[in-house]
file upload_0.cif (mmCIF, C-alpha atoms)
data_query
loop_
_atom_site.label_atom_id
_atom_site.label_comp_id
_atom_site.auth_asym_id
_atom_site.auth_seq_id
_atom_site.Cartn_x
_atom_site.Cartn_y
_atom_site.Cartn_z
CA MET W 1 -3.96 6.16 2.54
CA TYR W 2 -1.39 6.99 5.19
CA ASP W 3 -0.16 3.46 4.49
CA LEU W 4 1.76 4.88 1.60
CA ILE W 5 3.56 7.49 3.68
CA VAL W 6 4.36 4.90 6.34
CA LEU W 7 5.60 2.58 3.62
CA LEU W 8 7.91 5.23 2.15
CA VAL W 9 9.33 6.05 5.58
CA LEU W 10 9.94 2.37 6.30
CA LEU W 11 11.59 1.94 2.92
CA LEU W 12 13.86 4.93 3.50
CA ILE W 13 14.85 3.70 6.95
CA GLY W 14 15.42 0.20 5.61
CA TYR W 15 17.44 1.47 2.68
CA PHE W 16 19.76 3.82 4.53
CA PHE W 17 20.38 1.74 7.62
CA GLY W 18 20.48 -1.53 5.72
CA ARG W 19 22.95 -0.19 3.19
CA MET W 20 25.11 1.37 5.85
CA ALA W 21 25.18 -1.90 7.81
CA GLU W 22 25.96 -3.90 4.69
CA LYS W 23 28.86 -1.69 3.63
CA LYS W 24 30.35 -1.76 7.10
CA HIS W 25 29.91 -5.51 7.35
CA TYR W 26 31.54 -6.23 4.00
CA LYS W 27 34.49 -4.05 4.93
CA SER W 28 34.99 -6.00 8.14
CA ILE W 29 34.49 -9.36 6.41
CA ILE W 30 37.12 -8.64 3.75
CA GLU W 31 39.55 -7.43 6.40
CA ARG W 32 39.16 -10.48 8.61
CA GLU W 33 39.23 -12.91 5.71
CA LYS W 34 42.73 -11.65 4.92
CA LYS W 35 43.69 -11.94 8.56
CA TYR W 36 42.63 -15.57 8.83
CA ALA W 37 43.66 -16.60 5.34
CA LYS W 38 46.46 -18.76 6.71
CA ILE W 39 43.98 -21.06 8.46
CA ILE W 40 43.25 -23.79 5.95
CA LEU W 41 39.59 -24.72 5.77
CA ILE W 42 38.56 -27.67 3.64
CA ALA W 43 35.36 -29.57 3.14
CA THR W 44 36.78 -33.06 2.69
CA LYS W 45 35.63 -35.75 5.04
CA TYR W 46 39.10 -37.15 5.74
CA ALA W 47 41.95 -35.39 7.44
CA PRO W 48 45.38 -35.03 5.80
CA ALA W 49 48.05 -37.42 7.09
CA GLU W 50 50.11 -34.68 8.72
CA VAL W 51 47.47 -33.76 11.24
CA LEU W 52 46.31 -37.24 12.18
CA ASN W 53 48.47 -37.37 15.30
CA GLN W 54 47.24 -33.98 16.44
CA GLN W 55 44.40 -33.20 18.80
CA SER W 56 41.05 -32.44 17.24
CA SER W 57 37.77 -30.91 18.33
CA LEU W 58 34.56 -29.57 16.95
CA VAL W 59 34.47 -25.85 16.29
CA SER W 60 31.48 -23.85 15.20
CA GLY W 61 30.45 -20.34 14.32
CA SER W 62 26.95 -19.06 13.83
CA VAL W 63 25.40 -15.76 12.88
CA VAL W 64 21.90 -14.37 12.65
CA ILE W 65 21.27 -11.50 10.26
CA SER W 66 17.96 -9.72 9.82
CA VAL W 67 16.62 -8.61 6.49
CA ASP W 68 15.69 -4.95 6.37
CA TYR W 69 12.38 -3.57 5.11
CA PHE W 70 13.86 -2.37 1.85
CA LYS W 71 15.35 -5.75 1.00
CA ARG W 72 12.12 -7.50 1.83
CA PHE W 73 10.12 -5.08 -0.31
CA LEU W 74 12.51 -5.57 -3.19
CA ALA W 75 12.13 -9.34 -2.85
CA THR W 76 8.33 -8.97 -2.87
CA LEU W 77 8.50 -6.98 -6.07
CA ARG W 78 10.86 -9.59 -7.52
CA ASN W 79 8.24 -12.23 -6.77
CA PHE W 80 6.04 -10.80 -9.50
CA PHE W 81 8.51 -11.09 -12.34
CA GLY W 82 10.93 -13.77 -11.19
CA GLY W 83 14.70 -13.73 -11.48
CA ARG W 84 17.63 -13.36 -9.12
CA VAL W 85 16.60 -12.07 -5.72
CA THR W 86 19.75 -9.99 -5.47
CA SER W 87 18.68 -8.24 -2.29
CA TYR W 88 18.75 -11.56 -0.43
CA GLU W 89 21.86 -12.82 -2.19
CA SER W 90 24.11 -10.29 -0.53
CA LEU W 91 22.42 -10.94 2.81
CA LEU W 92 23.14 -14.66 2.64
CA ASP W 93 26.63 -14.09 1.27
CA ARG W 94 27.42 -11.93 4.28
CA ALA W 95 25.91 -14.42 6.70
CA ARG W 96 27.85 -17.35 5.24
CA ARG W 97 31.16 -15.56 5.28
CA GLU W 98 30.58 -14.19 8.77
CA ALA W 99 29.75 -17.66 10.10
CA ILE W 100 32.94 -19.08 8.56
CA LEU W 101 34.95 -16.22 10.02
CA ARG W 102 33.56 -16.87 13.48
CA LEU W 103 34.43 -20.52 13.00
CA LYS W 104 37.98 -19.56 12.08
CA GLU W 105 38.20 -17.21 15.04
CA GLU W 106 37.33 -20.05 17.37
CA ALA W 107 39.86 -22.28 15.67
CA HIS W 108 42.48 -19.56 15.93
CA LYS W 109 41.92 -19.40 19.69
CA LYS W 110 42.63 -23.14 19.88
CA GLY W 111 45.82 -22.62 17.92
CA SER W 112 44.54 -24.52 14.92
CA ASN W 113 45.65 -23.95 11.36
CA MET W 114 43.71 -26.78 9.82
CA LEU W 115 39.95 -27.19 9.66
CA VAL W 116 38.44 -30.22 8.00
CA ASN W 117 34.96 -31.33 7.05
CA LEU W 118 33.27 -27.94 6.90
CA LYS W 119 29.50 -28.01 7.03
CA LEU W 120 27.11 -25.12 6.65
CA GLU W 121 23.51 -25.01 7.72
CA THR W 122 21.00 -22.33 6.92
CA SER W 123 17.72 -21.75 8.61
CA SER W 124 15.27 -18.91 8.46
CA ILE W 125 13.88 -17.54 11.66
CA SER W 126 10.23 -16.41 11.60
CA LYS W 127 9.36 -19.13 9.16
CA GLY W 128 5.63 -19.36 8.60
CA ARG W 129 4.88 -16.07 10.27
CA LYS W 130 3.16 -13.69 7.93
CA ASN W 131 4.46 -10.16 7.51
CA ALA W 132 7.26 -10.66 10.00
CA ILE W 133 10.60 -9.33 8.93
CA GLY W 134 12.64 -12.48 8.53
CA SER W 135 16.08 -13.27 9.83
CA VAL W 136 18.49 -15.88 8.61
CA GLU W 137 20.77 -18.02 10.72
CA ILE W 138 23.85 -19.65 9.29
CA LEU W 139 25.77 -22.21 11.30
CA ALA W 140 29.22 -23.32 10.18
CA TYR W 141 30.96 -26.21 11.89
CA ALA W 142 34.09 -28.22 11.23
CA THR W 143 36.76 -30.31 12.89
CA ALA W 144 39.80 -28.34 14.00
CA PHE W 145 43.22 -29.98 14.30
CA TYR W 146 45.84 -28.45 16.54
CA PRO W 147 49.11 -29.60 18.11
CA ALA W 148 48.58 -31.23 21.50
CA THR W 149 51.09 -28.95 23.18
CA LYS W 150 49.35 -25.81 22.01
CA ALA W 151 45.95 -26.94 23.19
CA LEU W 152 44.17 -24.60 25.55
CA PRO W 153 42.41 -26.05 28.59
CA MET M 1 30.83 -48.24 1.30
CA GLN M 2 31.32 -50.96 3.88
CA ARG M 3 35.00 -51.30 3.03
CA LEU M 4 35.63 -47.78 4.22
CA PHE M 5 34.98 -48.77 7.78
CA ILE M 6 37.24 -51.79 7.67
CA GLN M 7 40.15 -50.06 6.04
CA PRO M 8 42.02 -47.26 7.81
CA PRO M 9 40.83 -43.82 6.72
CA LYS M 10 42.07 -42.86 3.32
CA LEU M 11 44.83 -40.33 3.67
CA CYS M 12 44.68 -37.14 1.72
CA HIS M 13 47.47 -35.19 0.10
CA SER M 14 49.97 -33.30 2.15
CA PRO M 15 48.70 -30.03 3.66
CA MET M 16 51.20 -28.06 1.64
CA GLN M 17 48.98 -28.53 -1.36
CA TYR M 18 46.05 -26.91 0.33
CA GLU M 19 45.41 -23.27 0.15
CA ASN M 20 42.38 -21.03 0.61
CA PRO M 21 42.86 -18.27 -1.89
CA LEU M 22 40.80 -15.13 -1.30
CA VAL M 23 37.73 -15.46 -3.43
CA PRO M 24 37.07 -12.44 -5.62
CA GLU M 25 34.01 -10.37 -4.75
CA GLY M 26 30.89 -10.31 -6.86
CA ILE M 27 30.44 -14.01 -7.51
CA ASN M 28 27.53 -14.57 -5.17
CA THR M 29 26.34 -11.00 -5.19
CA THR M 30 25.80 -8.32 -7.76
CA ASP M 31 27.36 -4.91 -8.11
CA GLU M 32 24.14 -3.45 -9.45
CA HIS M 33 22.82 -0.66 -7.29
CA PRO M 34 19.74 -1.83 -5.35
CA LEU M 35 17.92 1.41 -6.13
CA LYS M 36 18.19 0.67 -9.84
CA GLU M 37 16.49 -2.67 -9.31
CA PHE M 38 13.95 -1.05 -7.02
CA ILE M 39 12.99 1.57 -9.60
CA THR M 40 12.81 -0.91 -12.49
CA LEU M 41 10.64 -3.33 -10.54
CA SER M 42 8.43 -0.62 -9.05
CA VAL M 43 7.75 0.94 -12.43
CA GLY M 44 6.95 -2.50 -13.81
CA VAL M 45 4.55 -3.35 -11.01
CA ILE M 46 2.89 0.08 -11.16
CA LEU M 47 2.36 -0.25 -14.91
CA VAL M 48 0.83 -3.70 -14.52
CA VAL M 49 -1.43 -2.59 -11.67
CA VAL M 50 -2.52 0.63 -13.38
CA PHE M 51 -3.29 -1.34 -16.52
CA PHE M 52 -5.53 -3.75 -14.64
CA MET M 53 -7.16 -0.97 -12.64
CA GLY M 54 -7.90 0.76 -15.94
CA LEU M 55 -9.44 -2.44 -17.27
CA ILE M 56 -11.59 -2.80 -14.16
CA THR M 57 -12.74 0.82 -14.34
CA LEU M 58 -13.56 0.44 -18.00
CA ALA M 59 -15.45 -2.80 -17.40
CA VAL M 60 -17.45 -1.17 -14.62
CA GLU M 61 -18.18 1.92 -16.71
CA LEU M 62 -19.45 -0.20 -19.57
CA SER M 63 -21.42 -2.72 -17.54
CA ALA M 64 -23.09 -0.40 -15.01
CA ARG M 65 -25.72 0.69 -17.49
CA LEU M 66 -26.69 -2.95 -18.02
CA VAL M 67 -27.71 -3.30 -14.36
CA PRO M 68 -31.34 -2.24 -13.95
CA PHE M 69 -31.87 0.47 -11.34
CA GLU M 70 -34.46 -1.83 -9.78
CA TYR M 71 -31.67 -4.18 -8.67
CA GLU M 72 -30.01 -1.34 -6.83
CA GLN M 73 -33.26 -0.53 -5.06
CA GLN M 74 -33.76 -4.15 -4.07
CA MET M 75 -30.20 -4.37 -2.77
CA VAL M 76 -30.80 -1.69 -0.17
CA SER M 77 -34.55 -2.01 0.36
CA SER M 78 -34.15 -3.92 3.63
CA VAL M 79 -31.83 -1.35 5.22
CA LEU M 80 -33.06 1.92 3.74
CA GLN M 81 -36.80 1.69 4.11
CA LYS M 82 -38.56 4.96 4.65
CA ASP M 83 -42.01 5.73 5.92
CA PRO M 84 -43.24 8.89 4.14
CA SER M 85 -45.73 9.70 6.90
CA LYS M 86 -42.91 10.17 9.38
CA SER M 87 -40.97 12.66 7.30
CA THR M 88 -40.18 16.05 8.78
CA PRO M 89 -41.03 19.37 7.07
CA GLN M 90 -37.40 19.78 6.07
CA GLU M 91 -37.39 16.35 4.49
CA ARG M 92 -40.59 17.08 2.58
CA TYR M 93 -39.14 20.38 1.40
CA LEU M 94 -35.93 18.71 0.22
CA GLN M 95 -37.92 15.91 -1.42
CA VAL M 96 -39.95 18.39 -3.49
CA LEU M 97 -36.74 20.16 -4.49
CA ALA M 98 -35.07 16.85 -5.32
CA ASP M 99 -37.97 15.77 -7.55
CA LYS M 100 -37.74 19.09 -9.39
CA ILE M 101 -34.00 18.64 -9.85
CA ALA M 102 -34.40 15.02 -10.93
CA GLN M 103 -36.82 16.14 -13.61
CA ALA M 104 -34.47 18.90 -14.73
CA GLN M 105 -31.61 16.44 -15.01
CA GLY M 106 -33.77 14.14 -17.10
CA LEU M 107 -33.56 11.14 -14.80
CA PRO M 108 -35.35 8.07 -16.19
CA LYS M 109 -38.72 7.35 -14.63
CA GLU M 110 -37.59 4.33 -12.65
CA MET M 111 -34.83 6.31 -10.93
CA ILE M 112 -36.66 7.49 -7.86
CA ILE M 113 -34.83 9.81 -5.51
CA THR M 114 -35.49 9.43 -1.80
CA VAL M 115 -34.16 12.20 0.42
CA HIS M 116 -33.22 11.44 4.03
CA TYR M 117 -32.70 14.47 6.24
CA GLU M 118 -30.53 13.67 9.23
CA ASP M 119 -30.94 16.05 12.12
CA ASP M 120 -27.36 16.02 13.37
CA ASP M 121 -24.22 18.15 13.30
CA ILE M 122 -22.31 16.12 10.71
CA LYS M 123 -21.27 18.43 7.90
CA ASN M 124 -21.85 16.04 5.06
CA ALA M 125 -24.22 14.79 2.39
CA PHE M 126 -23.99 11.69 0.26
CA ALA M 127 -25.81 9.59 -2.30
CA THR M 128 -25.93 5.84 -2.11
CA LEU M 129 -27.38 2.83 -3.89
CA GLY M 130 -31.04 2.80 -4.89
CA GLY M 131 -31.40 6.58 -5.25
CA HIS M 132 -31.13 7.35 -1.55
CA VAL M 133 -29.66 10.79 -0.78
CA PHE M 134 -28.63 11.68 2.77
CA ILE M 135 -28.43 15.32 3.77
CA HIS M 136 -27.19 16.24 7.23
CA ARG M 137 -28.40 19.36 9.00
CA GLY M 138 -24.78 20.26 9.85
CA LEU M 139 -24.06 20.96 6.21
CA VAL M 140 -27.35 22.62 5.23
CA GLU M 141 -27.19 25.17 8.04
CA GLN M 142 -23.81 26.33 6.73
CA LEU M 143 -25.46 27.43 3.50
CA SER M 144 -27.04 30.84 3.10
CA ASN M 145 -28.89 30.56 -0.19
CA GLU M 146 -31.14 28.23 -2.12
CA ASN M 147 -28.82 27.95 -5.11
CA ALA M 148 -26.13 26.37 -2.95
CA LEU M 149 -28.67 23.93 -1.54
CA GLU M 150 -29.83 23.13 -5.05
CA LEU M 151 -26.26 22.56 -6.19
CA LEU M 152 -25.80 20.21 -3.24
CA LEU M 153 -28.89 18.19 -4.12
CA ALA M 154 -28.15 18.33 -7.84
CA HIS M 155 -24.61 17.10 -7.18
CA GLU M 156 -25.87 14.11 -5.20
CA ILE M 157 -28.60 13.37 -7.73
CA ALA M 158 -26.02 13.53 -10.53
CA HIS M 159 -24.10 10.79 -8.70
CA ILE M 160 -27.23 8.67 -8.91
CA LYS M 161 -27.88 9.63 -12.52
CA TYR M 162 -24.43 8.43 -13.52
CA ARG M 163 -24.72 5.34 -11.27
CA HIS M 164 -21.63 6.30 -9.26
CA PRO M 165 -22.61 4.37 -6.10
CA LEU M 166 -23.06 1.20 -8.15
CA LYS M 167 -19.84 1.80 -10.08
CA SER M 168 -17.77 2.34 -6.97
CA LEU M 169 -19.27 -0.76 -5.38
CA GLY M 170 -18.53 -2.78 -8.51
CA SER M 171 -14.99 -1.53 -8.95
CA GLY M 172 -14.31 -1.97 -5.24
CA LEU M 173 -15.36 -5.61 -5.38
CA LEU M 174 -13.42 -6.29 -8.57
CA MET M 175 -10.30 -4.69 -7.14
CA GLN M 176 -10.52 -6.83 -4.02
CA ILE M 177 -10.81 -9.93 -6.17
CA PHE M 178 -7.88 -8.72 -8.28
CA TRP M 179 -5.72 -8.31 -5.17
CA ALA M 180 -6.74 -11.64 -3.73
CA ILE M 181 -5.73 -13.31 -6.98
CA ILE M 182 -2.38 -11.69 -7.61
CA SER M 183 -1.13 -11.39 -4.07
CA GLY M 184 -2.52 -14.66 -2.75
CA ASN M 185 -3.43 -12.49 0.22
CA SER M 186 0.18 -12.65 1.34
CA ASP M 187 1.41 -9.09 1.42
CA PRO M 188 -1.12 -6.80 -0.19
CA SER M 189 -0.59 -3.70 1.92
CA ALA M 190 2.27 -2.20 -0.04
CA LEU M 191 0.95 -2.82 -3.51
CA ALA M 192 -2.67 -2.24 -2.66
CA SER M 193 -1.70 1.39 -2.09
CA ILE M 194 -1.07 1.77 -5.80
CA SER M 195 -4.56 0.55 -6.63
CA GLN M 196 -5.99 2.78 -3.94
CA LEU M 197 -4.39 5.76 -5.63
CA THR M 198 -5.92 4.69 -8.92
CA SER M 199 -9.37 4.23 -7.44
CA LEU M 200 -9.10 7.59 -5.68
CA SER M 201 -8.43 9.32 -8.94
CA TYR M 202 -11.49 7.54 -10.35
CA SER M 203 -13.49 8.77 -7.35
CA ARG M 204 -12.29 12.36 -7.91
CA SER M 205 -13.26 12.24 -11.56
CA ASN M 206 -16.75 11.10 -10.50
CA GLU M 207 -16.99 14.07 -8.13
CA THR M 208 -16.02 16.48 -10.88
CA GLN M 209 -18.61 14.97 -13.18
CA ALA M 210 -21.28 15.38 -10.49
CA ASP M 211 -20.17 18.99 -9.85
CA GLU M 212 -20.51 19.90 -13.50
CA GLU M 213 -23.89 18.21 -13.87
CA GLY M 214 -25.05 19.85 -10.63
CA LEU M 215 -24.12 23.33 -11.74
CA TYR M 216 -25.70 22.78 -15.13
CA CYS M 217 -28.88 21.76 -13.34
CA VAL M 218 -28.89 24.92 -11.21
CA PHE M 219 -28.55 26.92 -14.40
CA GLN M 220 -31.44 25.07 -15.97
CA LEU M 221 -33.68 25.83 -13.00
CA HIS M 222 -32.92 29.56 -12.72
CA HIS M 223 -30.93 30.50 -15.83
CA ASP M 224 -28.41 31.78 -13.34
CA VAL M 225 -25.81 30.15 -11.07
CA ASN M 226 -25.11 32.98 -8.63
CA GLY M 227 -24.21 31.79 -5.13
CA ALA M 228 -24.13 28.10 -6.00
CA SER M 229 -20.42 27.61 -5.36
CA GLU M 230 -20.97 28.93 -1.86
CA LEU M 231 -21.57 25.26 -1.11
CA PHE M 232 -17.86 24.59 -1.41
CA GLN M 233 -16.99 27.78 0.44
CA ALA M 234 -19.00 26.44 3.37
CA LEU M 235 -17.04 23.22 3.16
CA ILE M 236 -13.74 25.12 3.06
CA ASP M 237 -14.72 27.08 6.18
CA GLN M 238 -15.48 23.84 7.92
CA GLN M 239 -12.28 22.23 6.68
CA SER M 240 -10.06 24.94 8.16
CA ASP M 241 -11.47 24.07 11.58
CA SER M 242 -9.80 20.72 11.44
CA ASP M 243 -6.07 21.28 11.40
CA PHE M 244 -4.99 18.67 8.86
CA SER M 245 -6.21 17.82 5.39
CA PRO M 246 -4.65 15.14 3.20
CA PRO M 247 -2.88 16.04 -0.04
CA LYS M 248 -4.97 16.06 -3.19
CA TYR M 249 -3.86 12.72 -4.61
CA LEU M 250 -4.73 10.97 -1.33
CA SER M 251 -8.26 12.29 -1.25
CA THR M 252 -11.57 10.91 -2.50
CA HIS M 253 -12.75 14.41 -3.45
CA PRO M 254 -10.99 17.12 -5.45
CA ASP M 255 -9.57 20.09 -3.60
CA LEU M 256 -12.43 22.43 -2.64
CA ALA M 257 -10.78 25.62 -3.83
CA GLU M 258 -10.10 23.92 -7.15
CA ARG M 259 -13.72 22.84 -7.38
CA ILE M 260 -14.86 26.45 -6.99
CA ILE M 261 -12.40 27.63 -9.64
CA HIS M 262 -13.42 24.79 -11.95
CA LEU M 263 -17.12 25.63 -11.63
CA LYS M 264 -16.48 29.34 -12.18
CA LYS M 265 -14.50 28.55 -15.31
CA LEU M 266 -17.24 26.22 -16.48
CA ALA M 267 -19.89 28.92 -15.98
CA ILE M 268 -17.85 31.44 -17.97
CA GLU M 269 -17.14 28.90 -20.70
CA LYS M 270 -20.79 27.99 -21.08
CA GLY M 271 -21.96 31.56 -20.67
CA TRP M 272 -24.02 30.86 -17.56
CA SER M 273 -24.71 34.17 -15.86
CA ALA M 274 -24.20 34.69 -12.13
CA GLN M 275 -25.86 38.03 -11.44
CA LYS M 276 -29.42 37.41 -10.35
CA LYS M 277 -30.44 38.11 -6.84
CA ILE M 278 -29.99 35.07 -4.63
CA LYS M 279 -32.90 33.60 -2.75
CA PRO M 280 -31.93 33.11 0.90
CA LEU M 281 -32.08 29.63 2.39
CA ASN M 282 -35.54 28.54 3.46
CA LEU M 283 -36.15 29.44 7.08
CA ILE M 284 -37.15 25.93 8.11
CA PHE M 285 -33.50 24.90 8.15
CA LYS M 286 -32.48 27.90 10.19
CA LYS M 287 -35.26 27.31 12.65
CA VAL M 288 -34.23 23.74 13.33
CA SER M 289 -30.68 24.79 13.85
CA THR M 290 -31.60 27.35 16.51
CA THR M 291 -33.99 25.10 18.41
CA SER M 292 -31.64 22.18 18.34
CA GLY M 293 -28.84 24.50 19.39
CA SER M 294 -30.75 25.48 22.53
CA GLU M 295 -31.67 21.93 23.39
#

call {"tool": "encode", "arguments": {"input": "upload_0.cif", "output": "structure tokens"}}
result
Amino acid sequence: MYDLIVLLVLLLIGYFFGRMAEKKHYKSIIEREKKYAKIILIATKYAPAEVLNQQSSLVSGSVVISVDYFKRFLATLRNFFGGRVTSYESLLDRARREAILRLKEEAHKKGSNMLVNLKLETSSISKGRKNAIGSVEILAYATAFYPATKALP
Amino acid sequence: MQRLFIQPPKLCHSPMQYENPLVPEGINTTDEHPLKEFITLSVGVILVVVFFMGLITLAVELSARLVPFEYEQQMVSSVLQKDPSKSTPQERYLQVLADKIAQAQGLPKEMIITVHYEDDDIKNAFATLGGHVFIHRGLVEQLSNENALELLLAHEIAHIKYRHPLKSLGSGLLMQIFWAIISGNSDPSALASISQLTSLSYSRSNETQADEEGLYCVFQLHHDVNGASELFQALIDQQSDSDFSPPKYLSTHPDLAERIIHLKKLAIEKGWSAQKKIKPLNLIFKKVSTTSGSE
């Protein structure tokens, strides 16, 4: 029966730390999205004419975020009734945006203002392992165009 | 598709037309507070689980009487065989007492009580399937009078009278099946706790029922219940030795102090007197305790 006490403690820890981390993360995401807003990022396969004579290279950004106990518990409860698993939605939203931001940061270092052919890949770590707290990895990659003169070694 | 490779890549519009506006928040996520969702879902799950636990308990209550006592005896006959010629004087004494109590409680003829006296320090007694009652020396030697011993035996025999061992076995099995079905055995730990709480409350209500029947039986035997609740006092004394006891709702048995109060109230309510002189505990139990203590 001490399961229940352990469960409550885990839930409290998960809730407070998870929520704190999420708030902090969102604050930083919104801030950096404004900072890198001038870097154009598009998903089309073909580059615009203006950049075709520029140098290009692959840039990528990836992030791994762990789900906390509270979110996982909420998702388990949600499994009974169905519906939006909102506790995971915010987790994946954060991971996606963070991965894109890291991608843009790398592009910014190369002096690029144009990213083409964005691709996103999601994979869950701890797949198939029972009772393990899962993590999610998001990888964003794209082709960055930058002027040849500005290219870093 | 092939033409794409022959022709030069299709050029897109000028970059001036591109922009990445800041996407407003709350499209992929929700503003709803997670605790609100947590509470709504938890209450829903608890209601569903409690409902099914109630159904299981009810089903067990109704169907237990349909199971012949003989089946219970057969179930345990291979593990709980007893040779009467090997029984100790204490066991014989308790057996005589148990038969008297069984008669007083109006047990059906086929419900035969078999007392097992365990000569060890464990402070416990329990009743199990097939009418087998186990009494440990550790508990008996804590008692000072016969009424407390009779309440102890009457309590355990009442468990058998009301088929509590069978009911708890049945509900335990059904609950396991229930969990296997709804959880697919994936993550039962968290939610199983809810059902455990339900089954514990069922267990406590069984204990209270056995307490009441036990005290009534002591009254029937002596027309007096003086000293009977000393049984629980002995258990309290023993409990305070161990430094930690779980809260009431996490326990299989009701709180001991509450059991004493409940029985005293019951005695007053029913007008059962508690004044007669108490008969001290039979010396055979004391004797064993001293000899075994010196061994």

call {"tool": "resolve_selection", "arguments": {"input": "upload_0.cif", "expression": "the PyMOL selection byres ((chain W and resi 104) around 12)", "output": "ChimeraX atom specification"}}
result
/W:32-42,58-62,97-103,105-116,118,140-145

call {"tool": "resolve_selection", "arguments": {"input": "upload_0.cif", "expression": "the PyMOL selection byres ((chain W) within 7 of (chain M))", "output": "list in words"}}
result
Met1, Leu4, Leu7, Ala37, Ile40, Leu41, Tyr46, Ala47, Pro48, Ala49, Glu50, Leu74, Leu77, Arg78, Thr86, Glu89, Ser90, Asp93 and Asn131 of chain W

call {"tool": "closest_residue", "arguments": {"input": "upload_0.cif", "among": "W:Ala75, W:Val6, W:Met20, W:Val136", "to": "W:Leu92", "atoms": "all atoms listed in the file"}}
result
W:Val136

call {"tool": "closest_residue", "arguments": {"input": "upload_0.cif", "among": "M:Asn282, M:Ser273, M:Ser63, M:Gln238", "to": "M:Gln142", "atoms": "all atoms listed in the file"}}
result
M:Gln238

call {"tool": "residues_around", "arguments": {"input": "upload_0.cif", "residues": "M:Glu91", "least_positions_apart": "4", "cutoff": "6 Å", "atoms": "all atoms listed in the file", "output": "PyMOL selection string"}}
result
chain M and resi 87+95+117

call {"tool": "atom_distance", "arguments": {"input": "upload_0.cif", "atom1": "atom CA of M:His253", "atom2": "atom CA of M:Ser205"}}
result
8.4 Å

call {"tool": "residues_around", "arguments": {"input": "upload_0.cif", "residues": "stretch 121-125 of chain W", "least_positions_apart": "4", "cutoff": "8 Å", "atoms": "all atoms listed in the file", "output": "PyMOL selection string"}}
result
chain W and resi 134-140

call {"tool": "residues_around", "arguments": {"input": "upload_0.cif", "residues": "stretch 70-72 of chain W", "least_positions_apart": "2", "cutoff": "6 Å", "atoms": "only C-alpha atoms", "output": "list in words"}}
result
Leu11, Gly14, Tyr15, Asp68, Leu74, Ala75 and Ser87 of chain W

call {"tool": "closest_residue", "arguments": {"input": "upload_0.cif", "among": "M:Glu141, M:Glu207, M:Asp255, M:Asp99", "to": "M:Ile113", "atoms": "all atoms listed in the file"}}
result
M:Asp99

call {"tool": "closest_atom_pairs", "arguments": {"input": "upload_0.cif", "of": "stretch 204-237 of chain M", "to": "stretch 145-162 of chain M", "cutoff": "9 Å", "atoms": "all atoms listed in the file", "output": "JSON lines"}}
result
{"residue": "M:Asn206", "atom": "CA", "partner": "M:His159", "partner_atom": "CA", "distance": 7.6}
{"residue": "M:Glu207", "atom": "CA", "partner": "M:His159", "partner_atom": "CA", "distance": 7.9}
{"residue": "M:Gln209", "atom": "CA", "partner": "M:Ala158", "partner_atom": "CA", "distance": 8.0}
{"residue": "M:Ala210", "atom": "CA", "partner": "M:His155", "partner_atom": "CA", "distance": 5.0}
{"residue": "M:Asp211", "atom": "CA", "partner": "M:His155", "partner_atom": "CA", "distance": 5.5}
{"residue": "M:Glu212", "atom": "CA", "partner": "M:His155", "partner_atom": "CA", "distance": 8.0}
{"residue": "M:Glu213", "atom": "CA", "partner": "M:Ala158", "partner_atom": "CA", "distance": 6.1}
{"residue": "M:Gly214", "atom": "CA", "partner": "M:His155", "partner_atom": "CA", "distance": 4.4}
{"residue": "M:Leu215", "atom": "CA", "partner": "M:Leu151", "partner_atom": "CA", "distance": 6.0}
{"residue": "M:Tyr216", "atom": "CA", "partner": "M:Ala154", "partner_atom": "CA", "distance": 8.9}
{"residue": "M:Cys217", "atom": "CA", "partner": "M:Ala154", "partner_atom": "CA", "distance": 6.5}
{"residue": "M:Val218", "atom": "CA", "partner": "M:Leu151", "partner_atom": "CA", "distance": 6.1}
{"residue": "M:His222", "atom": "CA", "partner": "M:Asn147", "partner_atom": "CA", "distance": 8.8}
{"residue": "M:Val225", "atom": "CA", "partner": "M:Asn147", "partner_atom": "CA", "distance": 7.0}
{"residue": "M:Asn226", "atom": "CA", "partner": "M:Asn147", "partner_atom": "CA", "distance": 7.2}
{"residue": "M:Gly227", "atom": "CA", "partner": "M:Asn147", "partner_atom": "CA", "distance": 6.0}
{"residue": "M:Ala228", "atom": "CA", "partner": "M:Ala148", "partner_atom": "CA", "distance": 4.0}
{"residue": "M:Ser229", "atom": "CA", "partner": "M:Ala148", "partner_atom": "CA", "distance": 6.3}
{"residue": "M:Glu230", "atom": "CA", "partner": "M:Ala148", "partner_atom": "CA", "distance": 5.9}
{"residue": "M:Leu231", "atom": "CA", "partner": "M:Ala148", "partner_atom": "CA", "distance": 5.0}
{"residue": "M:Phe232", "atom": "CA", "partner": "M:Ala148", "partner_atom": "CA", "distance": 8.6}
